Structures are given as structure tokens and as C-alpha cells.
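What follows is structure27.cif (mmCIF, C-alpha atoms).
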```cif
data_protein
#
loop_
_atom_site.group_PDB
_atom_site.id
_atom_site.type_symbol
_atom_site.label_atom_id
_atom_site.label_comp_id
_atom_site.auth_asym_id
_atom_site.auth_seq_id
_atom_site.Cartn_x
_atom_site.Cartn_y
_atom_site.Cartn_z
ATOM 1 C CA MET A 1 -12.705 -1.605 36.993
ATOM 2 C CA PRO A 2 -10.153 -4.392 36.395
ATOM 3 C CA PRO A 3 -6.698 -3.810 37.884
ATOM 4 C CA ARG A 4 -4.071 -2.259 35.638
ATOM 5 C CA ASP A 5 -0.863 -4.162 35.044
ATOM 6 C CA SER A 6 0.920 -1.708 37.325
ATOM 7 C CA ASP A 7 -1.512 -2.570 40.145
ATOM 8 C CA THR A 8 -0.664 -6.266 40.125
ATOM 9 C CA PRO A 9 2.329 -7.555 42.061
ATOM 10 C CA THR A 10 3.415 -9.835 39.186
ATOM 11 C CA ALA A 11 3.602 -7.052 36.585
ATOM 12 C CA ASP A 12 6.967 -6.621 34.897
ATOM 13 C CA PRO A 13 7.908 -2.919 35.258
ATOM 14 C CA THR A 14 10.296 -3.208 32.305
ATOM 15 C CA ARG A 15 7.614 -4.469 29.899
ATOM 16 C CA VAL A 16 6.904 -1.967 27.116
ATOM 17 C CA PRO A 17 3.995 -2.491 24.705
ATOM 18 C CA SER A 18 5.184 -3.004 21.145
ATOM 19 C CA PRO A 19 4.577 0.061 18.968
ATOM 20 C CA PHE A 20 4.050 -2.362 16.085
ATOM 21 C CA ASP A 21 1.027 -3.991 17.724
ATOM 22 C CA LEU A 22 -2.116 -3.369 15.642
ATOM 23 C CA SER A 23 -4.513 -5.287 17.876
ATOM 24 C CA GLY A 24 -8.013 -3.848 17.815
ATOM 25 C CA ARG A 25 -7.395 -1.731 14.721
ATOM 26 C CA VAL A 26 -9.319 -1.900 11.467
ATOM 27 C CA ALA A 27 -7.345 -1.666 8.221
ATOM 28 C CA ILE A 28 -8.365 -1.452 4.573
ATOM 29 C CA VAL A 29 -5.949 -2.757 1.936
ATOM 30 C CA THR A 30 -6.880 -2.105 -1.693
ATOM 31 C CA GLY A 31 -5.581 -4.306 -4.479
ATOM 32 C CA ALA A 32 -5.233 -7.052 -1.880
ATOM 33 C CA ALA A 33 -6.228 -10.028 -4.037
ATOM 34 C CA ARG A 34 -2.651 -10.818 -5.063
ATOM 35 C CA GLY A 35 1.001 -9.798 -5.010
ATOM 36 C CA ILE A 36 2.157 -7.062 -2.689
ATOM 37 C CA GLY A 37 -1.388 -6.253 -1.593
ATOM 38 C CA ARG A 38 -2.009 -9.822 -0.482
ATOM 39 C CA GLN A 39 1.178 -9.836 1.579
ATOM 40 C CA ILE A 40 0.304 -6.479 3.155
ATOM 41 C CA ALA A 41 -3.060 -7.889 4.207
ATOM 42 C CA LEU A 42 -1.406 -10.982 5.710
ATOM 43 C CA THR A 43 1.229 -8.913 7.525
ATOM 44 C CA LEU A 44 -1.172 -6.376 9.056
ATOM 45 C CA ALA A 45 -3.510 -9.172 10.135
ATOM 46 C CA GLY A 46 -0.552 -10.978 11.665
ATOM 47 C CA ALA A 47 0.158 -7.841 13.689
ATOM 48 C CA GLY A 48 -3.360 -7.998 15.097
ATOM 49 C CA ALA A 49 -5.401 -5.827 12.743
ATOM 50 C CA HIS A 50 -8.817 -6.712 11.375
ATOM 51 C CA VAL A 51 -8.181 -6.411 7.639
ATOM 52 C CA ILE A 52 -10.635 -5.514 4.904
ATOM 53 C CA VAL A 53 -9.334 -7.249 1.774
ATOM 54 C CA ALA A 54 -10.572 -4.760 -0.840
ATOM 55 C CA ASP A 55 -10.381 -5.549 -4.542
ATOM 56 C CA ARG A 56 -12.458 -5.729 -7.721
ATOM 57 C CA ASN A 57 -11.242 -9.336 -8.140
ATOM 58 C CA GLU A 58 -13.855 -11.045 -6.007
ATOM 59 C CA ASP A 59 -12.523 -14.604 -6.314
ATOM 60 C CA GLY A 60 -8.973 -13.572 -5.482
ATOM 61 C CA GLY A 61 -10.044 -11.267 -2.676
ATOM 62 C CA ARG A 62 -12.228 -13.889 -1.045
ATOM 63 C CA ALA A 63 -9.376 -16.387 -1.274
ATOM 64 C CA VAL A 64 -7.056 -14.007 0.605
ATOM 65 C CA ALA A 65 -9.734 -13.349 3.240
ATOM 66 C CA ALA A 66 -10.129 -17.110 3.675
ATOM 67 C CA GLU A 67 -6.356 -17.415 3.984
ATOM 68 C CA LEU A 68 -6.426 -14.915 6.842
ATOM 69 C CA GLN A 69 -9.218 -16.737 8.611
ATOM 70 C CA ASP A 70 -7.585 -20.151 8.141
ATOM 71 C CA ALA A 71 -4.497 -18.730 9.855
ATOM 72 C CA GLY A 72 -6.609 -17.605 12.807
ATOM 73 C CA ARG A 73 -6.473 -13.953 11.787
ATOM 74 C CA SER A 74 -9.309 -11.468 11.448
ATOM 75 C CA GLY A 75 -10.447 -10.174 8.090
ATOM 76 C CA ARG A 76 -13.052 -10.189 5.347
ATOM 77 C CA PHE A 77 -13.439 -9.361 1.671
ATOM 78 C CA ALA A 78 -15.081 -6.201 0.333
ATOM 79 C CA PHE A 79 -15.503 -5.195 -3.291
ATOM 80 C CA VAL A 80 -14.042 -1.912 -4.512
ATOM 81 C CA ASP A 81 -13.317 -0.353 -7.882
ATOM 82 C CA VAL A 82 -10.883 2.495 -7.247
ATOM 83 C CA THR A 83 -11.752 4.102 -10.598
ATOM 84 C CA ASP A 84 -15.299 4.721 -9.325
ATOM 85 C CA SER A 85 -15.781 7.303 -6.567
ATOM 86 C CA ALA A 86 -19.168 5.850 -5.646
ATOM 87 C CA SER A 87 -17.592 2.407 -5.164
ATOM 88 C CA VAL A 88 -14.816 3.798 -2.968
ATOM 89 C CA ASP A 89 -17.256 5.815 -0.875
ATOM 90 C CA ALA A 90 -19.492 2.760 -0.500
ATOM 91 C CA LEU A 91 -16.541 0.697 0.735
ATOM 92 C CA VAL A 92 -15.791 3.201 3.486
ATOM 93 C CA ARG A 93 -19.461 3.450 4.508
ATOM 94 C CA ASN A 94 -19.612 -0.352 4.642
ATOM 95 C CA VAL A 95 -16.530 -0.589 6.860
ATOM 96 C CA LEU A 96 -17.828 2.052 9.256
ATOM 97 C CA ALA A 97 -21.258 0.427 9.430
ATOM 98 C CA THR A 98 -19.867 -3.083 9.981
ATOM 99 C CA GLU A 99 -16.635 -2.566 11.921
ATOM 100 C CA GLY A 100 -17.574 0.755 13.532
ATOM 101 C CA THR A 101 -14.211 2.412 12.949
ATOM 102 C CA LEU A 102 -11.306 2.773 10.532
ATOM 103 C CA ASP A 103 -7.725 3.161 11.711
ATOM 104 C CA VAL A 104 -5.459 2.300 8.776
ATOM 105 C CA SER A 105 -5.922 2.500 5.015
ATOM 106 C CA VAL A 106 -3.368 1.158 2.538
ATOM 107 C CA HIS A 107 -3.868 2.131 -1.097
ATOM 108 C CA ASN A 108 -2.099 -0.450 -3.210
ATOM 109 C CA ALA A 109 -4.322 -1.008 -6.268
ATOM 110 C CA GLY A 110 -2.409 -0.246 -9.454
ATOM 111 C CA VAL A 111 -1.659 -1.241 -13.032
ATOM 112 C CA ALA A 112 1.502 -1.201 -15.146
ATOM 113 C CA VAL A 113 1.685 -1.151 -18.942
ATOM 114 C CA ASN A 114 4.812 -1.051 -21.091
ATOM 115 C CA THR A 115 4.128 0.993 -24.210
ATOM 116 C CA PRO A 116 6.465 3.439 -25.950
ATOM 117 C CA ALA A 117 5.281 6.977 -25.278
ATOM 118 C CA GLU A 118 4.790 7.801 -28.959
ATOM 119 C CA GLU A 119 2.472 4.799 -29.291
ATOM 120 C CA THR A 120 0.450 5.433 -26.125
ATOM 121 C CA SER A 121 -3.179 6.246 -26.806
ATOM 122 C CA ASP A 122 -5.191 8.768 -24.824
ATOM 123 C CA GLU A 123 -7.285 5.889 -23.501
ATOM 124 C CA GLU A 124 -4.276 3.949 -22.188
ATOM 125 C CA TRP A 125 -2.668 7.040 -20.648
ATOM 126 C CA LEU A 126 -5.872 8.006 -18.873
ATOM 127 C CA ARG A 127 -6.530 4.447 -17.658
ATOM 128 C CA VAL A 128 -3.121 4.147 -15.994
ATOM 129 C CA LEU A 129 -3.472 7.575 -14.377
ATOM 130 C CA ASP A 130 -7.046 6.825 -13.316
ATOM 131 C CA VAL A 131 -6.127 3.659 -11.433
ATOM 132 C CA ASN A 132 -2.701 4.585 -10.070
ATOM 133 C CA LEU A 133 -3.132 8.258 -9.181
ATOM 134 C CA ASN A 134 -6.813 9.153 -9.255
ATOM 135 C CA GLY A 135 -7.642 5.902 -7.481
ATOM 136 C CA VAL A 136 -5.259 6.731 -4.650
ATOM 137 C CA PHE A 137 -6.763 10.209 -4.344
ATOM 138 C CA ARG A 138 -10.309 8.827 -4.278
ATOM 139 C CA CYS A 139 -9.342 6.432 -1.485
ATOM 140 C CA CYS A 140 -7.498 9.092 0.520
ATOM 141 C CA ARG A 141 -10.441 11.484 0.226
ATOM 142 C CA ALA A 142 -12.952 8.849 1.288
ATOM 143 C CA VAL A 143 -11.070 7.581 4.349
ATOM 144 C CA ALA A 144 -10.028 11.071 5.447
ATOM 145 C CA GLY A 145 -13.580 11.969 6.473
ATOM 146 C CA PRO A 146 -13.927 9.512 9.380
ATOM 147 C CA MET A 147 -10.238 9.728 10.292
ATOM 148 C CA LEU A 148 -10.245 13.522 10.548
ATOM 149 C CA LEU A 149 -13.481 13.387 12.520
ATOM 150 C CA ARG A 150 -11.800 11.097 15.067
ATOM 151 C CA GLY A 151 -8.542 13.022 14.950
ATOM 152 C CA GLN A 152 -6.418 9.978 14.178
ATOM 153 C CA GLY A 153 -5.555 7.592 11.390
ATOM 154 C CA ALA A 154 -2.721 6.251 9.257
ATOM 155 C CA ILE A 155 -2.806 6.270 5.459
ATOM 156 C CA VAL A 156 -0.128 4.452 3.452
ATOM 157 C CA ASN A 157 -0.019 4.920 -0.317
ATOM 158 C CA ILE A 158 1.928 2.485 -2.475
ATOM 159 C CA ALA A 159 3.975 4.514 -4.935
ATOM 160 C CA SER A 160 7.121 3.196 -6.659
ATOM 161 C CA MET A 161 10.786 3.949 -7.173
ATOM 162 C CA SER A 162 9.471 4.744 -10.679
ATOM 163 C CA GLY A 163 8.147 7.956 -9.161
ATOM 164 C CA VAL A 164 11.663 9.243 -8.511
ATOM 165 C CA ILE A 165 13.602 7.726 -11.450
ATOM 166 C CA SER A 166 12.857 6.736 -15.029
ATOM 167 C CA ASN A 167 13.042 2.983 -15.486
ATOM 168 C CA THR A 168 15.086 1.415 -18.251
ATOM 169 C CA PRO A 169 14.972 -0.381 -20.635
ATOM 170 C CA GLN A 170 11.182 -0.825 -20.542
ATOM 171 C CA PRO A 171 8.989 2.081 -21.736
ATOM 172 C CA GLN A 172 6.383 3.180 -19.167
ATOM 173 C CA ALA A 173 6.087 6.962 -19.115
ATOM 174 C CA HIS A 174 2.475 6.900 -17.924
ATOM 175 C CA TYR A 175 3.273 4.533 -15.036
ATOM 176 C CA ASN A 176 6.248 6.628 -13.945
ATOM 177 C CA ALA A 177 4.215 9.836 -14.087
ATOM 178 C CA SER A 178 1.382 8.293 -12.089
ATOM 179 C CA LYS A 179 3.703 7.149 -9.305
ATOM 180 C CA ALA A 180 5.456 10.519 -9.141
ATOM 181 C CA GLY A 181 1.995 11.970 -8.661
ATOM 182 C CA VAL A 182 1.294 9.574 -5.791
ATOM 183 C CA ILE A 183 4.450 10.698 -3.993
ATOM 184 C CA THR A 184 3.615 14.389 -4.303
ATOM 185 C CA LEU A 185 -0.040 13.760 -3.422
ATOM 186 C CA THR A 186 1.136 11.953 -0.287
ATOM 187 C CA LYS A 187 3.275 14.905 0.776
ATOM 188 C CA SER A 188 0.481 17.363 0.036
ATOM 189 C CA LEU A 189 -2.126 15.489 2.077
ATOM 190 C CA ALA A 190 0.351 14.933 4.912
ATOM 191 C CA GLY A 191 0.813 18.681 5.198
ATOM 192 C CA GLU A 192 -2.917 19.351 5.137
ATOM 193 C CA TRP A 193 -3.930 16.742 7.696
ATOM 194 C CA ALA A 194 -1.020 16.521 10.155
ATOM 195 C CA GLU A 195 -2.469 18.989 12.660
ATOM 196 C CA ARG A 196 -5.718 17.019 12.672
ATOM 197 C CA GLY A 197 -4.095 13.734 13.618
ATOM 198 C CA VAL A 198 -3.982 11.887 10.295
ATOM 199 C CA ARG A 199 -0.607 10.712 9.013
ATOM 200 C CA VAL A 200 -0.080 10.110 5.277
ATOM 201 C CA ASN A 201 3.010 8.275 4.034
ATOM 202 C CA ALA A 202 4.118 6.327 0.977
ATOM 203 C CA VAL A 203 6.161 3.205 0.323
ATOM 204 C CA SER A 204 8.031 3.042 -2.995
ATOM 205 C CA PRO A 205 8.985 -0.512 -3.958
ATOM 206 C CA GLY A 206 11.719 -1.407 -6.384
ATOM 207 C CA TYR A 207 11.536 -4.598 -8.420
ATOM 208 C CA ILE A 208 9.605 -7.113 -6.323
ATOM 209 C CA GLY A 209 9.040 -10.795 -7.049
ATOM 210 C CA THR A 210 5.348 -10.602 -7.933
ATOM 211 C CA GLU A 211 3.419 -11.765 -10.978
ATOM 212 C CA MET A 212 3.950 -8.362 -12.598
ATOM 213 C CA THR A 213 7.725 -8.340 -12.167
ATOM 214 C CA ARG A 214 8.137 -12.001 -13.093
ATOM 215 C CA ALA A 215 6.397 -11.292 -16.395
ATOM 216 C CA GLY A 216 8.893 -8.513 -17.100
ATOM 217 C CA MET A 217 11.820 -10.711 -16.160
ATOM 218 C CA GLU A 218 10.914 -13.084 -18.974
ATOM 219 C CA HIS A 219 12.609 -10.465 -21.166
ATOM 220 C CA GLU A 220 16.261 -11.436 -20.665
ATOM 221 C CA ALA A 221 17.560 -7.959 -21.521
ATOM 222 C CA TRP A 222 15.207 -6.368 -19.001
ATOM 223 C CA ARG A 223 16.097 -8.865 -16.256
ATOM 224 C CA ASP A 224 19.841 -8.455 -16.726
ATOM 225 C CA ARG A 225 19.593 -4.647 -16.690
ATOM 226 C CA TRP A 226 17.339 -4.579 -13.627
ATOM 227 C CA LEU A 227 19.620 -6.823 -11.581
ATOM 228 C CA ALA A 228 22.775 -5.038 -12.718
ATOM 229 C CA MET A 229 21.315 -1.684 -11.660
ATOM 230 C CA THR A 230 20.230 -2.968 -8.233
ATOM 231 C CA PRO A 231 23.180 -2.896 -5.794
ATOM 232 C CA MET A 232 21.794 -5.834 -3.816
ATOM 233 C CA GLY A 233 21.701 -7.846 -7.054
ATOM 234 C CA ARG A 234 18.256 -9.347 -6.579
ATOM 235 C CA VAL A 235 14.571 -8.542 -6.668
ATOM 236 C CA GLY A 236 12.795 -7.951 -3.394
ATOM 237 C CA GLU A 237 10.093 -10.110 -1.867
ATOM 238 C CA PRO A 238 6.527 -8.982 -1.090
ATOM 239 C CA HIS A 239 7.058 -9.350 2.664
ATOM 240 C CA GLU A 240 9.896 -6.808 2.487
ATOM 241 C CA ILE A 241 7.401 -4.217 1.237
ATOM 242 C CA ALA A 242 4.692 -5.348 3.635
ATOM 243 C CA ASN A 243 7.012 -4.838 6.598
ATOM 244 C CA ALA A 244 7.657 -1.250 5.510
ATOM 245 C CA VAL A 245 3.908 -0.667 5.278
ATOM 246 C CA TRP A 246 3.481 -2.211 8.723
ATOM 247 C CA TYR A 247 5.957 0.297 10.143
ATOM 248 C CA LEU A 248 4.136 3.274 8.626
ATOM 249 C CA ALA A 249 0.733 1.929 9.665
ATOM 250 C CA SER A 250 1.799 1.483 13.281
ATOM 251 C CA ASP A 251 2.652 3.710 16.213
ATOM 252 C CA ALA A 252 6.319 2.931 15.586
ATOM 253 C CA SER A 253 6.171 5.696 12.951
ATOM 254 C CA SER A 254 4.187 8.164 15.076
ATOM 255 C CA PHE A 255 6.402 11.129 14.044
ATOM 256 C CA ALA A 256 6.503 10.205 10.363
ATOM 257 C CA THR A 257 4.214 11.894 7.878
ATOM 258 C CA GLY A 258 4.870 12.948 4.295
ATOM 259 C CA THR A 259 7.550 10.244 4.085
ATOM 260 C CA ASN A 260 8.310 8.340 0.892
ATOM 261 C CA LEU A 261 10.045 5.178 2.063
ATOM 262 C CA LEU A 262 12.097 3.680 -0.777
ATOM 263 C CA VAL A 263 12.517 -0.104 -0.521
ATOM 264 C CA ASP A 264 14.414 -0.888 -3.701
ATOM 265 C CA GLY A 265 17.589 -2.844 -2.908
ATOM 266 C CA GLY A 266 19.586 0.330 -3.467
ATOM 267 C CA TYR A 267 18.413 0.961 -7.053
ATOM 268 C CA THR A 268 17.994 4.709 -6.503
ATOM 269 C CA SER A 269 21.244 5.065 -4.564
ATOM 270 C CA TRP A 270 23.558 5.170 -7.586
#
```

This entry written out as C-alpha cells:
Amino acid sequence: MPPRDSDTPTADPTRVPSPFDLSGRVAIVTGAARGIGRQIALTLAGAGAHVIVADRNEDGGRAVAAELQDAGRSGRFAFVDVTDSASVDALVRNVLATEGTLDVSVHNAGVAVNTPAEETSDEEWLRVLDVNLNGVFRCCRAVAGPMLLRGQGAIVNIASMSGVISNTPQPQAHYNASKAGVITLTKSLAGEWAERGVRVNAVSPGYIGTEMTRAGMEHEAWRDRWLAMTPMGRVGEPHEIANAVWYLASDASSFATGTNLLVDGGYTSW
């Protein structure tokens, strides 16, 4: 048996391992081909995790996996369609068969559509709910099996400040409802699984400088209202969300479960 650090005369007795270190852990990130998901994948890999870049966008997902590898990090692409239970289950089976374990799962895949409620079709309503809420549930259910069997695991669901407020001036009732569902689902699963070692938390971003938000900011009235209603007076950056996910994925948050961590520049503080 190799000597422990404490057995060697040169060991520093004040050295404490970082609770943020994810070395040796396997993490899935859905919706990782772009935007916030991409940055989450980069951040967790930078902390030492082996990251499964999971997305239905194969070209984008493979590009992010290559970006990880070019930076000397560990990761690979895997296809997933979160609207299909069979696809989600296959992803988890693939990770277990290839990597042998699963420690962290971040459920970020989502869509946003701006349609007045009275003009929203059944098909559009159901599509938004199917990706944003049902997709998160499918992923949580699939990864819970191996995590509960091991008695440990960290799940982080990406919700939104839209789950606790109603955005203005853009109309998006179905998006808001889906994200409110993610927050309550997170709390429900946290309560069910806490005694069996699996933590379930959520991060709720405000307006973040991604492709989706930049498209909305092309509407001058929307941009001016969003910035005026954000105390910090700016949109956030993807790394500011990724760092919050990193915290909840790591041992630094070992006593946190059922948390909805709002990262919104103060938008919901008014």
C-alpha cells in the first residue's frame, strides 16, 4: 500500500483537499452543445470531471467534446433526445457501460418560445412542457437508478427565474410554467432521495448572454425593460451560471438538497 500523505515527512498538515475538486467523477450535461450547457461542460471538466456532452445536436456536441479534449480535459459526446424516454435510458446505460459509474448529472436541455397565451396552440404548449419539464423528469428518473443503488450522486436541474416570477414584456406562459414545474420537481425529488444519498438541486438563471437572450435583446423595448429591472444593470455570462452548477455538483454543497439557487443579477429581489 502506498504511503498516505500523513505518513510522509514532507506532508503539509494544513493542506485541505478542495471540496470543489471533481477529479475522478463522471458527469452528464444535457443540452451541452451550446450556450449555458457548453459552459457547464467546460467548467466541470476544468474541475477534473470526465464530462459526457449530451445533446441531440451531434455536430455542436462533438465540437464541444473536441474543445474539452483540445484543452487537455476529459470528455466525449453522446446523443440524447430528452423528449424520448428510450433515448434517455440508453444514454445512461451507455455511460455506465463505458465509464463504469455516474456521479453528477446536469439537466440543462430546454427551449423558449414567445407566443401570447391566447395564440398558443396545444402542440406548442405540449412541446415546451415536454422538453423543459418532462425532459428533466425523464433524466432524473434515469440517473436516479444507478445513483440510488450506489447511495450517492448529485443532480442539478437548470430551471429559471421565470419559475418564480412572470417575465415582462415578452409573452411566455408555457416557458414560465415549465420552469416552475422544474423547481417543484427538484424539491420533490430531493425529499424522496435525500436519505438514500442523492442530492437534487436547481439553478435558476436570469438573463444570460447566450444566443437565446441575444435574440430577445434585438427587441429594444425588451432589452431596456430587462436591464432596468435587473439591479446589477447587465445580463449575466454563462460562466456565472456554470460556477453555480459546479458548487451544487461538488462536495462544497454536501448539505444542500432541494435548493433553488437564483443567479439573476438581483432581478427577483425587487

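The result of the PyMOL selection byres ((chain A and resi 190) around 6) on the shown file is Lys187, Ser188, Leu189, Gly191, Glu192, Trp193, Ala194, Arg199, Val200, Thr257 and Gly258 of chain A.
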
Write out as CSV the residues of region 34-75 of chain A that have any atom within 8 Å of an atom of region 101-112 of chain A, one row each with the nearest atom pair and its distance in Å to one decimal, counting only C-alpha atoms, sorted by chain and then rising number.
```
residue,atom,partner,partner_atom,distance
A:Ile36,CA,A:Asn108,CA,7.9
A:Gly37,CA,A:Asn108,CA,6.1
A:Asp55,CA,A:Ala109,CA,7.8
```

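Once region 260-264 of chain A and its same-chain neighbours fewer than 3 positions away are set aside, Ser160, Met161, Ile183, Asn201, Ala202, Val203, Ser204, Pro205, Gly206, Tyr207, Thr230, Gly236, Glu240, Ile241, Ala244, Tyr267 and Thr268 of chain A remain within 8 Å of it when counting all atoms listed in the file.
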
Hey, could you make a per-residue contact list for region 63-128 of chain A against region 40-45 of chain A with 8 Å as the cut-off, showing the nearest pair of atoms and its distance in Å to one decimal, counting all atoms listed in the file, sorted by chain and number, as a tab-separated table?
```
residue	atom	partner	partner_atom	distance
A:Leu68	CA	A:Leu42	CA	6.5
A:Arg73	CA	A:Ala45	CA	5.9
A:Ser74	CA	A:Ala45	CA	6.4
A:Gly75	CA	A:Ala45	CA	7.3
```

Written as a PyMOL selection string, what is the full residue list that the PyMOL selection byres ((chain A and resi 163-170) around 8) yields on the file shown? chain A and resi 114+159-162+171-173+176-183+204+222+225-226+268

With distances taken over all atoms listed in the file, which residue among A:Phe20, A:Phe137, A:Phe255, A:Tyr175 lies nearest Gly46 (chain A)? A:Phe20

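Each of A:Arg150, A:His239, A:Arg141, A:Arg223 was compared to Arg38 (chain A) using all atoms listed in the file, and A:His239 turns out to be the nearest.
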
Please identify all polymer residues within 12 Å of Val113 (chain A), counting all atoms listed in the file, omitting same-chain residues fewer than 4 positions from it, and present them as number ranges by chain. A: 117, 119-121, 124-129, 131-132, 170-176, 178, 212-213, 215-216

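One finds CA of Pro17 (chain A) at 12.3 Å from CA of Ser250 (chain A).
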
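Distances here use all atoms listed in the file; by that measure, the residue among A:Val53, A:Gln39, A:Trp270, A:Arg34 closest to Pro238 (chain A) is A:Gln39.
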